[in-house]
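Printed here is work22.cif (mmCIF, C-alpha atoms and all ligand atoms):
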```
data_run
loop_
_atom_site.group_PDB
_atom_site.id
_atom_site.type_symbol
_atom_site.label_atom_id
_atom_site.label_comp_id
_atom_site.auth_asym_id
_atom_site.auth_seq_id
_atom_site.Cartn_x
_atom_site.Cartn_y
_atom_site.Cartn_z
ATOM 1 C CA MET E 225 7.548 17.136 8.156
ATOM 2 C CA THR E 226 5.670 18.936 5.446
ATOM 3 C CA THR E 227 5.883 17.883 1.848
ATOM 4 C CA ALA E 228 5.051 20.073 -1.127
ATOM 5 C CA ASP E 229 1.979 17.905 -1.625
ATOM 6 C CA GLU E 230 0.692 18.621 1.874
ATOM 7 C CA ARG E 231 1.322 22.317 1.447
ATOM 8 C CA LEU E 232 -0.944 22.149 -1.592
ATOM 9 C CA GLY E 233 -3.583 20.513 0.601
ATOM 10 C CA ASN E 234 -3.434 17.108 -1.086
ATOM 11 C CA PRO E 235 -4.328 14.625 1.654
ATOM 12 C CA PRO E 236 -2.833 11.140 1.893
ATOM 13 C CA VAL E 237 -4.606 8.312 0.078
ATOM 14 C CA ASP E 238 -6.642 5.837 2.153
ATOM 15 C CA ILE E 239 -6.333 2.853 -0.190
ATOM 16 C CA LEU E 240 -3.843 2.420 -3.033
ATOM 17 C CA TRP E 241 -4.132 -0.473 -5.476
ATOM 18 C CA ILE E 242 -0.976 -1.469 -7.384
ATOM 19 C CA LEU E 243 -1.837 -4.001 -10.090
ATOM 20 C CA ALA E 244 -0.803 -4.927 -13.617
ATOM 21 C CA HIS E 245 -3.586 -4.367 -16.169
ATOM 22 C CA PRO E 246 -6.696 -2.315 -16.818
ATOM 23 C CA ASP E 247 -9.486 -4.597 -15.449
ATOM 24 C CA ASP E 248 -7.426 -6.276 -12.639
ATOM 25 C CA GLU E 249 -8.845 -3.650 -10.277
ATOM 26 C CA SER E 250 -12.429 -4.141 -11.473
ATOM 27 C CA PHE E 251 -12.475 -7.933 -11.180
ATOM 28 C CA GLY E 252 -10.927 -7.994 -7.734
ATOM 29 C CA SER E 253 -12.003 -4.766 -6.096
ATOM 30 C CA ALA E 254 -14.794 -2.800 -7.835
ATOM 31 C CA GLY E 255 -17.114 -3.409 -4.865
ATOM 32 C CA THR E 256 -14.459 -2.385 -2.364
ATOM 33 C CA MET E 257 -13.814 0.778 -4.383
ATOM 34 C CA ALA E 258 -17.547 1.586 -4.339
ATOM 35 C CA TRP E 259 -17.623 1.029 -0.572
ATOM 36 C CA ALA E 260 -14.654 3.383 -0.189
ATOM 37 C CA ARG E 261 -16.340 6.072 -2.256
ATOM 38 C CA GLU E 262 -19.456 5.842 -0.086
ATOM 39 C CA ARG E 263 -17.261 6.429 2.961
ATOM 40 C CA GLY E 264 -15.577 9.432 1.351
ATOM 41 C CA LEU E 265 -12.215 7.667 1.343
ATOM 42 C CA ARG E 266 -9.477 8.749 -1.015
ATOM 43 C CA THR E 267 -8.445 5.969 -3.392
ATOM 44 C CA ALA E 268 -5.800 5.592 -6.081
ATOM 45 C CA TYR E 269 -4.798 2.990 -8.641
ATOM 46 C CA ILE E 270 -1.333 2.481 -10.078
ATOM 47 C CA CYS E 271 -1.623 0.303 -13.164
ATOM 48 C CA ALA E 272 1.682 -1.011 -14.492
ATOM 49 C CA THR E 273 0.649 -1.512 -18.129
ATOM 50 C CA ARG E 274 -2.097 -0.575 -20.584
ATOM 51 C CA GLY E 275 -2.981 -4.220 -21.227
ATOM 52 C CA GLU E 276 -1.633 -4.136 -24.773
ATOM 53 C CA ALA E 277 -1.435 -7.945 -24.993
ATOM 54 C CA GLY E 278 -5.016 -8.582 -23.915
ATOM 55 C CA GLN E 279 -7.730 -10.016 -26.107
ATOM 56 C CA ILE E 280 -9.773 -7.945 -28.548
ATOM 57 C CA ARG E 281 -13.264 -9.305 -28.110
ATOM 58 C CA GLU E 282 -14.616 -7.630 -31.241
ATOM 59 C CA SER E 283 -12.428 -6.359 -34.040
ATOM 60 C CA ARG E 284 -14.418 -3.107 -34.337
ATOM 61 C CA LEU E 285 -13.312 -2.138 -30.807
ATOM 62 C CA ALA E 286 -9.533 -1.973 -31.324
ATOM 63 C CA THR E 287 -6.568 -3.222 -33.308
ATOM 64 C CA PRO E 288 -3.406 -4.661 -31.755
ATOM 65 C CA ASP E 289 -1.820 -1.229 -32.304
ATOM 66 C CA THR E 290 -4.613 0.761 -30.646
ATOM 67 C CA LEU E 291 -5.478 -1.676 -27.866
ATOM 68 C CA GLY E 292 -3.329 0.030 -25.206
ATOM 69 C CA ALA E 293 -4.898 3.438 -25.818
ATOM 70 C CA VAL E 294 -8.403 1.937 -25.972
ATOM 71 C CA ARG E 295 -7.893 0.051 -22.729
ATOM 72 C CA GLU E 296 -6.614 3.172 -21.011
ATOM 73 C CA GLN E 297 -9.899 4.875 -21.912
ATOM 74 C CA GLU E 298 -11.864 1.844 -20.712
ATOM 75 C CA LEU E 299 -9.981 2.002 -17.426
ATOM 76 C CA ARG E 300 -10.697 5.722 -17.033
ATOM 77 C CA GLU E 301 -14.398 5.015 -17.599
ATOM 78 C CA ALA E 302 -14.346 2.209 -15.017
ATOM 79 C CA MET E 303 -12.527 4.353 -12.450
ATOM 80 C CA SER E 304 -14.965 7.233 -12.845
ATOM 81 C CA LEU E 305 -17.842 4.809 -12.133
ATOM 82 C CA VAL E 306 -16.346 3.774 -8.796
ATOM 83 C CA GLY E 307 -14.926 7.178 -7.903
ATOM 84 C CA VAL E 308 -11.195 6.420 -8.059
ATOM 85 C CA SER E 309 -9.928 9.871 -8.920
ATOM 86 C CA GLU E 310 -6.197 9.211 -8.866
ATOM 87 C CA LEU E 311 -5.104 6.919 -11.682
ATOM 88 C CA ARG E 312 -1.444 6.520 -12.533
ATOM 89 C CA LEU E 313 -0.099 4.407 -15.382
ATOM 90 C CA LEU E 314 3.498 3.236 -15.169
ATOM 91 C CA GLY E 315 3.542 2.764 -18.951
ATOM 92 C CA PHE E 316 5.297 -0.593 -19.180
ATOM 93 C CA ARG E 317 4.071 -3.048 -21.797
ATOM 94 C CA ASP E 318 1.735 -5.929 -21.015
ATOM 95 C CA SER E 319 3.879 -9.114 -21.069
ATOM 96 C CA GLY E 320 0.984 -11.340 -22.179
ATOM 97 C CA MET E 321 -0.112 -14.649 -20.728
ATOM 98 C CA GLU E 322 2.679 -17.066 -19.881
ATOM 99 C CA ASN E 323 4.407 -18.819 -22.782
ATOM 100 C CA THR E 324 3.191 -16.363 -25.420
ATOM 101 C CA ASP E 325 5.282 -14.322 -27.890
ATOM 102 C CA ASP E 326 4.498 -11.125 -25.987
ATOM 103 C CA ASN E 327 6.709 -12.449 -23.152
ATOM 104 C CA HIS E 328 9.722 -11.643 -25.342
ATOM 105 C CA ASN E 329 8.894 -8.026 -26.191
ATOM 106 C CA PRO E 330 11.777 -5.936 -24.818
ATOM 107 C CA MET E 331 9.279 -3.349 -23.505
ATOM 108 C CA ALA E 332 7.317 -5.990 -21.591
ATOM 109 C CA LEU E 333 7.014 -5.435 -17.864
ATOM 110 C CA ILE E 334 8.701 -8.762 -17.103
ATOM 111 C CA ASN E 335 11.769 -7.725 -19.130
ATOM 112 C CA GLN E 336 12.402 -4.526 -17.174
ATOM 113 C CA PRO E 337 15.040 -4.402 -14.425
ATOM 114 C CA PRO E 338 13.144 -4.903 -11.135
ATOM 115 C CA GLU E 339 15.037 -1.936 -9.602
ATOM 116 C CA THR E 340 13.526 0.394 -12.232
ATOM 117 C CA ILE E 341 9.986 -0.654 -11.360
ATOM 118 C CA LEU E 342 10.819 -0.546 -7.661
ATOM 119 C CA THR E 343 12.102 3.028 -7.929
ATOM 120 C CA HIS E 344 8.927 4.145 -9.728
ATOM 121 C CA LEU E 345 6.726 2.526 -7.108
ATOM 122 C CA VAL E 346 8.629 3.881 -4.117
ATOM 123 C CA GLY E 347 8.319 7.375 -5.629
ATOM 124 C CA HIS E 348 4.573 6.992 -6.098
ATOM 125 C CA ILE E 349 4.053 5.550 -2.606
ATOM 126 C CA ARG E 350 5.987 8.407 -1.002
ATOM 127 C CA ASP E 351 3.983 10.873 -3.084
ATOM 128 C CA LEU E 352 0.513 9.365 -2.513
ATOM 129 C CA ARG E 353 1.155 8.376 1.128
ATOM 130 C CA PRO E 354 -1.340 5.479 1.292
ATOM 131 C CA ALA E 355 -2.638 4.059 4.577
ATOM 132 C CA THR E 356 -3.509 0.726 2.952
ATOM 133 C CA VAL E 357 -1.873 -0.863 -0.105
ATOM 134 C CA VAL E 358 -3.401 -3.692 -2.147
ATOM 135 C CA THR E 359 -1.441 -5.714 -4.697
ATOM 136 C CA PHE E 360 -1.165 -9.304 -5.994
ATOM 137 C CA GLY E 361 0.224 -12.252 -4.064
ATOM 138 C CA SER E 362 2.966 -14.526 -5.393
ATOM 139 C CA GLU E 363 0.506 -16.744 -7.274
ATOM 140 C CA GLY E 364 -0.792 -13.727 -9.234
ATOM 141 C CA VAL E 365 -4.336 -15.172 -9.021
ATOM 142 C CA TYR E 366 -3.744 -17.365 -12.095
ATOM 143 C CA GLY E 367 -0.020 -17.055 -12.683
ATOM 144 C CA HIS E 368 -0.050 -14.157 -15.159
ATOM 145 C CA PRO E 369 3.642 -13.129 -15.335
ATOM 146 C CA ASP E 370 2.756 -9.430 -14.887
ATOM 147 C CA HIS E 371 0.610 -10.142 -11.819
ATOM 148 C CA VAL E 372 3.402 -12.152 -10.217
ATOM 149 C CA MET E 373 6.034 -9.516 -10.982
ATOM 150 C CA ILE E 374 4.122 -6.398 -9.941
ATOM 151 C CA GLY E 375 2.899 -8.045 -6.727
ATOM 152 C CA LYS E 376 6.397 -9.031 -5.675
ATOM 153 C CA ILE E 377 7.871 -5.613 -6.428
ATOM 154 C CA ALA E 378 4.961 -3.630 -4.950
ATOM 155 C CA ALA E 379 5.234 -5.499 -1.647
ATOM 156 C CA ARG E 380 8.955 -4.685 -1.542
ATOM 157 C CA ALA E 381 8.258 -1.059 -2.520
ATOM 158 C CA VAL E 382 5.918 -0.650 0.465
ATOM 159 C CA GLU E 383 8.824 -1.653 2.735
ATOM 160 C CA LEU E 384 11.466 0.452 0.973
ATOM 161 C CA ALA E 385 9.220 3.539 0.796
ATOM 162 C CA ALA E 386 9.511 3.614 4.590
ATOM 163 C CA ASP E 387 13.278 3.173 4.632
ATOM 164 C CA ASP E 388 15.011 6.519 5.028
ATOM 165 C CA ASN E 389 18.270 5.007 3.753
ATOM 166 C CA TRP E 390 16.722 4.046 0.449
ATOM 167 C CA LEU E 391 16.788 6.895 -2.085
ATOM 168 C CA PRO E 392 16.812 9.441 0.736
ATOM 169 C CA ASP E 393 16.541 12.349 -1.694
ATOM 170 C CA MET E 394 13.350 11.094 -3.281
ATOM 171 C CA LEU E 395 10.497 12.585 -1.232
ATOM 172 C CA GLN E 396 9.943 11.865 2.442
ATOM 173 C CA PRO E 397 9.822 8.212 3.550
ATOM 174 C CA TRP E 398 6.298 6.892 4.029
ATOM 175 C CA ARG E 399 5.136 4.022 6.214
ATOM 176 C CA ALA E 400 1.842 2.411 5.151
ATOM 177 C CA ASP E 401 -0.348 0.945 7.899
ATOM 178 C CA ALA E 402 -1.352 -2.221 6.114
ATOM 179 C CA LEU E 403 -0.571 -4.400 3.103
ATOM 180 C CA TYR E 404 -3.045 -6.777 1.463
ATOM 181 C CA PHE E 405 -2.959 -9.184 -1.430
ATOM 182 C CA SER E 406 -5.996 -9.267 -3.693
ATOM 183 C CA ALA E 407 -6.907 -12.924 -3.366
ATOM 184 C CA ALA E 408 -9.230 -15.432 -4.979
ATOM 185 C CA PRO E 409 -10.275 -18.715 -3.361
ATOM 186 C CA ARG E 410 -8.603 -21.656 -5.079
ATOM 187 C CA GLU E 411 -11.724 -23.775 -4.829
ATOM 188 C CA ARG E 412 -13.793 -21.230 -6.754
ATOM 189 C CA LEU E 413 -11.178 -20.686 -9.455
ATOM 190 C CA LYS E 414 -10.795 -24.439 -9.962
ATOM 191 C CA ALA E 415 -14.561 -24.698 -10.472
ATOM 192 C CA MET E 416 -14.367 -21.827 -12.963
ATOM 193 C CA ALA E 417 -11.442 -23.461 -14.755
ATOM 194 C CA ALA E 418 -13.604 -26.512 -15.382
ATOM 195 C CA LEU E 419 -16.282 -24.458 -17.209
ATOM 196 C CA PRO E 420 -16.394 -24.508 -21.022
ATOM 197 C CA ASP E 421 -15.615 -20.768 -21.478
ATOM 198 C CA SER E 422 -12.943 -20.706 -18.834
ATOM 199 C CA PRO E 423 -10.537 -17.780 -19.097
ATOM 200 C CA PHE E 424 -7.889 -20.142 -17.747
ATOM 201 C CA GLY E 425 -7.930 -22.382 -20.843
ATOM 202 C CA GLN E 426 -4.494 -21.309 -22.041
ATOM 203 C CA ILE E 427 -2.543 -21.194 -18.786
ATOM 204 C CA SER E 428 0.127 -23.748 -17.932
ATOM 205 C CA GLU E 429 -0.458 -26.920 -15.962
ATOM 206 C CA ARG E 430 1.641 -25.464 -13.152
ATOM 207 C CA SER E 431 -0.508 -22.324 -12.906
ATOM 208 C CA ARG E 432 -3.699 -24.377 -13.186
ATOM 209 C CA ASN E 433 -2.626 -26.298 -10.115
ATOM 210 C CA ASN E 434 -1.798 -23.075 -8.316
ATOM 211 C CA LEU E 435 -4.923 -20.994 -8.982
ATOM 212 C CA GLY E 436 -5.684 -18.453 -6.279
ATOM 213 C CA ILE E 437 -4.979 -19.370 -2.671
ATOM 214 C CA PRO E 438 -6.743 -21.827 -0.352
ATOM 215 C CA SER E 439 -9.798 -20.128 1.152
ATOM 216 C CA SER E 440 -8.398 -20.908 4.607
ATOM 217 C CA GLU E 441 -5.576 -18.417 3.889
ATOM 218 C CA ILE E 442 -7.915 -15.550 2.986
ATOM 219 C CA THR E 443 -8.169 -13.129 5.891
ATOM 220 C CA HIS E 444 -10.837 -10.709 4.647
ATOM 221 C CA TRP E 445 -14.066 -11.575 2.841
ATOM 222 C CA LEU E 446 -15.981 -8.436 1.966
ATOM 223 C CA ASP E 447 -19.645 -8.854 1.123
ATOM 224 C CA VAL E 448 -20.035 -6.492 -1.816
ATOM 225 C CA SER E 449 -23.429 -7.815 -2.929
ATOM 226 C CA ARG E 450 -24.859 -4.292 -2.625
ATOM 227 C CA TRP E 451 -22.671 -3.218 -5.497
ATOM 228 C CA VAL E 452 -23.043 -6.178 -7.853
ATOM 229 C CA ASP E 453 -25.032 -4.176 -10.422
ATOM 230 C CA LEU E 454 -22.454 -1.415 -10.313
ATOM 231 C CA LYS E 455 -19.679 -3.994 -10.582
ATOM 232 C CA LYS E 456 -21.272 -5.384 -13.738
ATOM 233 C CA GLN E 457 -21.325 -1.877 -15.173
ATOM 234 C CA VAL E 458 -17.702 -1.311 -14.155
ATOM 235 C CA LEU E 459 -16.575 -4.604 -15.691
ATOM 236 C CA GLY E 460 -18.652 -3.770 -18.770
ATOM 237 C CA SER E 461 -16.544 -0.614 -19.198
ATOM 238 C CA HIS E 462 -13.708 -2.897 -20.221
ATOM 239 C CA HIS E 463 -15.471 -3.401 -23.560
ATOM 240 C CA THR E 464 -12.562 -5.112 -25.298
ATOM 241 C CA GLN E 465 -12.236 -7.681 -22.497
ATOM 242 C CA VAL E 466 -15.695 -8.373 -21.144
ATOM 243 C CA ASP E 467 -18.753 -9.599 -23.018
ATOM 244 C CA PRO E 468 -21.840 -8.156 -21.258
ATOM 245 C CA GLU E 469 -23.811 -11.251 -22.354
ATOM 246 C CA ALA E 470 -21.581 -13.304 -20.077
ATOM 247 C CA PHE E 471 -23.330 -11.777 -17.066
ATOM 248 C CA LEU E 472 -26.613 -13.306 -18.191
ATOM 249 C CA ASN E 473 -25.478 -16.909 -18.257
ATOM 250 C CA PRO E 474 -25.188 -18.172 -14.679
ATOM 251 C CA ASP E 475 -22.787 -20.895 -15.830
ATOM 252 C CA SER E 476 -20.330 -18.464 -17.386
ATOM 253 C CA PRO E 477 -17.092 -17.853 -15.492
ATOM 254 C CA MET E 478 -17.982 -14.158 -15.336
ATOM 255 C CA ALA E 479 -21.329 -14.812 -13.696
ATOM 256 C CA GLN E 480 -19.747 -17.380 -11.395
ATOM 257 C CA ARG E 481 -17.386 -14.749 -10.096
ATOM 258 C CA LEU E 482 -20.109 -12.169 -9.610
ATOM 259 C CA LEU E 483 -22.713 -14.481 -8.139
ATOM 260 C CA HIS E 484 -20.538 -14.907 -5.093
ATOM 261 C CA ALA E 485 -20.482 -11.157 -4.547
ATOM 262 C CA PHE E 486 -17.500 -11.330 -2.281
ATOM 263 C CA GLU E 487 -14.130 -9.674 -2.711
ATOM 264 C CA GLN E 488 -11.262 -11.315 -0.897
ATOM 265 C CA TYR E 489 -7.992 -10.129 0.563
ATOM 266 C CA GLN E 490 -5.104 -11.586 2.469
ATOM 267 C CA ARG E 491 -3.534 -9.329 5.096
ATOM 268 C CA ARG E 492 0.254 -9.469 4.979
ATOM 269 C CA PRO E 493 2.624 -8.582 7.802
ATOM 270 C CA LEU E 494 4.862 -5.515 7.466
ATOM 271 C CA PRO E 495 8.191 -5.252 9.309
ATOM 272 C CA TRP E 496 6.799 -2.489 11.543
ATOM 273 C CA ASP E 497 3.506 -4.221 12.388
ATOM 274 C CA VAL E 498 3.078 -4.684 16.089
ATOM 275 C CA ASP E 499 0.121 -7.003 16.076
ATOM 276 C CA MET E 500 -1.611 -6.553 12.682
ATOM 277 C CA GLU E 501 -4.628 -5.208 14.544
ATOM 278 C CA THR E 502 -4.244 -1.707 13.096
ATOM 279 C CA GLU E 503 -7.567 -0.198 12.188
ATOM 280 C CA ASP E 504 -7.157 0.271 8.457
ATOM 281 C CA ALA E 505 -9.532 0.808 5.573
ATOM 282 C CA LEU E 506 -10.204 -2.859 4.766
ATOM 283 C CA GLU E 507 -10.655 -3.686 8.449
ATOM 284 C CA ARG E 508 -13.310 -0.994 8.568
ATOM 285 C CA ALA E 509 -14.861 -2.367 5.384
ATOM 286 C CA ARG E 510 -15.018 -5.789 6.988
ATOM 287 C CA SER E 511 -16.831 -4.482 10.023
ATOM 288 C CA GLU E 512 -19.170 -2.218 8.069
ATOM 289 C CA ILE E 513 -20.126 -4.227 5.014
ATOM 290 C CA GLY E 514 -19.983 -7.623 6.610
ATOM 291 C CA ALA E 515 -18.334 -10.948 5.882
ATOM 292 C CA LYS E 516 -17.986 -12.127 9.414
ATOM 293 C CA GLU E 517 -18.514 -15.629 8.237
ATOM 294 C CA VAL E 518 -16.730 -17.327 5.401
ATOM 295 C CA PRO E 519 -19.184 -17.991 2.571
ATOM 296 C CA GLY E 520 -19.672 -21.496 1.208
ATOM 297 C CA ILE E 521 -17.457 -22.313 -1.723
ATOM 298 C CA THR E 522 -18.876 -24.300 -4.583
HETATM 299 ZN ZN ZN E 601 -4.319 -8.821 -15.213
#
```

Would you kindly transcribe this structure into structure tokens?
Ligand SMILES: [Zn+2]
Amino acid sequence: MTTADERLGNPPVDILWILAHPDDESFGSAGTMAWARERGLRTAYICATRGEAGQIRESRLATPDTLGAVREQELREAMSLVGVSELRLLGFRDSGMENTDDNHNPMALINQPPETILTHLVGHIRDLRPATVVTFGSEGVYGHPDHVMIGKIAARAVELAADDNWLPDMLQPWRADALYFSAAPRERLKAMAALPDSPFGQISERSRNNLGIPSSEITHWLDVSRWVDLKKQVLGSHHTQVDPEAFLNPDSPMAQRLLHAFEQYQRRPLPWDVDMETEDALERARSEIGAKEVPGIT
């Protein structure tokens, strides 16, 4: 079958990230994105919100009213550095960290009907036709309500995009080869949470006990040490969120994350998987850029 997109010569995407905020992609996957660019792979990022409820590190950078627009620009800068050409914003509002006032904003992502978000995502998946999809797992790395929600719905959207009974008039069904959760090792996040400048200071007890996933459940460790300098630059593009000085202090949570120079993923089964041995983009990354052995966790 030929879609309008194919007739225009727009090839399918190799890796599609579906996450919640500008900077989620850079923390978890900037190195993987750089690897993909080097391979000439086509990548795309669907970002559910503009991060309107994030911090403003310095008041000269944004006001609460301009933060969404500023963060969109920061994201565009970050994506141009790693060569992600296809950026789509769903335009929902950042719901804020758990138990904050932003949770109650009627425009917040978490207050939207899940079917609305699902319909958007199925449309984008059928349009972009990704081989590999990356989203958040149920723990949302540190329990951010938007991470939890978008991960759950994106995983369902990957399944429904392939279902020819589901919105049959909305583009051709598309079956992705592989689904991954962007994962962080629990042991590392717990160590970070114990640091004085921990970004996890304000999260609930429940989320603090459920940070990341056990390293034994991570299926793919990509050694992205070659791109650590680039990753610092990419993270630095998120000016309102990231203090560049934090890279210089090896005890800062930021440096702790980067010093490991690994990006982690958990492969998830799809209903049509035969044996999960499909050769997909992150499998190729694993064989090309390393990570055959699990690194030590401190
Ligand atoms: Zn986030």

Can you turn the PyMOL selection byres (((not hetatm)) within 6 of (chain E and resi 601)) into a concrete residue list for this file, as a list of chain:residue names? E:Ala244, E:His245, E:Asp248

Residue neighbourhood Gly425 in chain E, 12 Å, all atoms listed in the file, exclusion window fewer than 3 positions, as a VMD selection string: chain E and resid 321 to 322 366 413 to 414 416 to 422 428 to 429 431 to 432 477

Residues near Pro369 in chain E, cut-off 9 Å, only C-alpha atoms, skip fewer than 5 positions along chain, as an NGL selection string: :E and (319-322 or 327 or 333-334 or 364 or 374)

Produce a file of the selected residues containing C-alpha atoms, as a short mmCIF file (atom, residue, chain, number, x, y, z; two decimals), in the coordinates of the input.
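To be explicit, this is the file written out as part28.cif:
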```cif
data_model
loop_
_atom_site.label_atom_id
_atom_site.label_comp_id
_atom_site.auth_asym_id
_atom_site.auth_seq_id
_atom_site.Cartn_x
_atom_site.Cartn_y
_atom_site.Cartn_z
CA SER E 319 3.88 -9.11 -21.07
CA GLY E 320 0.98 -11.34 -22.18
CA MET E 321 -0.11 -14.65 -20.73
CA GLU E 322 2.68 -17.07 -19.88
CA ASN E 327 6.71 -12.45 -23.15
CA LEU E 333 7.01 -5.44 -17.86
CA ILE E 334 8.70 -8.76 -17.10
CA GLY E 364 -0.79 -13.73 -9.23
CA ILE E 374 4.12 -6.40 -9.94
#
```

Hits from the PyMOL selection byres (((chain E and resi 268-282) around 6) and not hetatm), listed as a list in words: Leu240, Trp241, Ile242, Leu243, Ala244, His245, Thr267, Ser283, Arg284, Leu285, Leu291, Gly292, Glu296, Val308, Glu310, Leu311, Arg312, Leu313, Leu314, Gly315, Phe316, Arg317, Asp318, Gly320, Thr464 and Gln465 of chain E

Just want the 8 Å neighbourhood of Thr256 in chain E, counted on all atoms listed in the file, with same-chain residues fewer than 5 positions away dropped. Output as a PyMOL selection string. chain E and resi 446+448+487+509

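Across the structure, CA of Phe251 in chain E and CA of Val452 in chain E are spaced 11.2 Å apart.
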
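Remark: for Arg491 in chain E, the closest of the candidate residues E:Lys456, E:His371, E:His444, E:His348 is E:His444 (distances computed over all atoms listed in the file).
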
For the structure provided, state which residues fall under the PyMOL selection byres (((chain E and resi 376) around 12) and not hetatm), and present them as a PyMOL selection string. chain E and resi 242-244+334+338-339+341-342+345+358-364+369-375+377-383+405

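Between Ser309 in chain E and the residues E:Asp326, E:Val237, E:Gly255, E:Arg492, the shortest atom-to-atom distance, using all atoms listed in the file, involves E:Val237.
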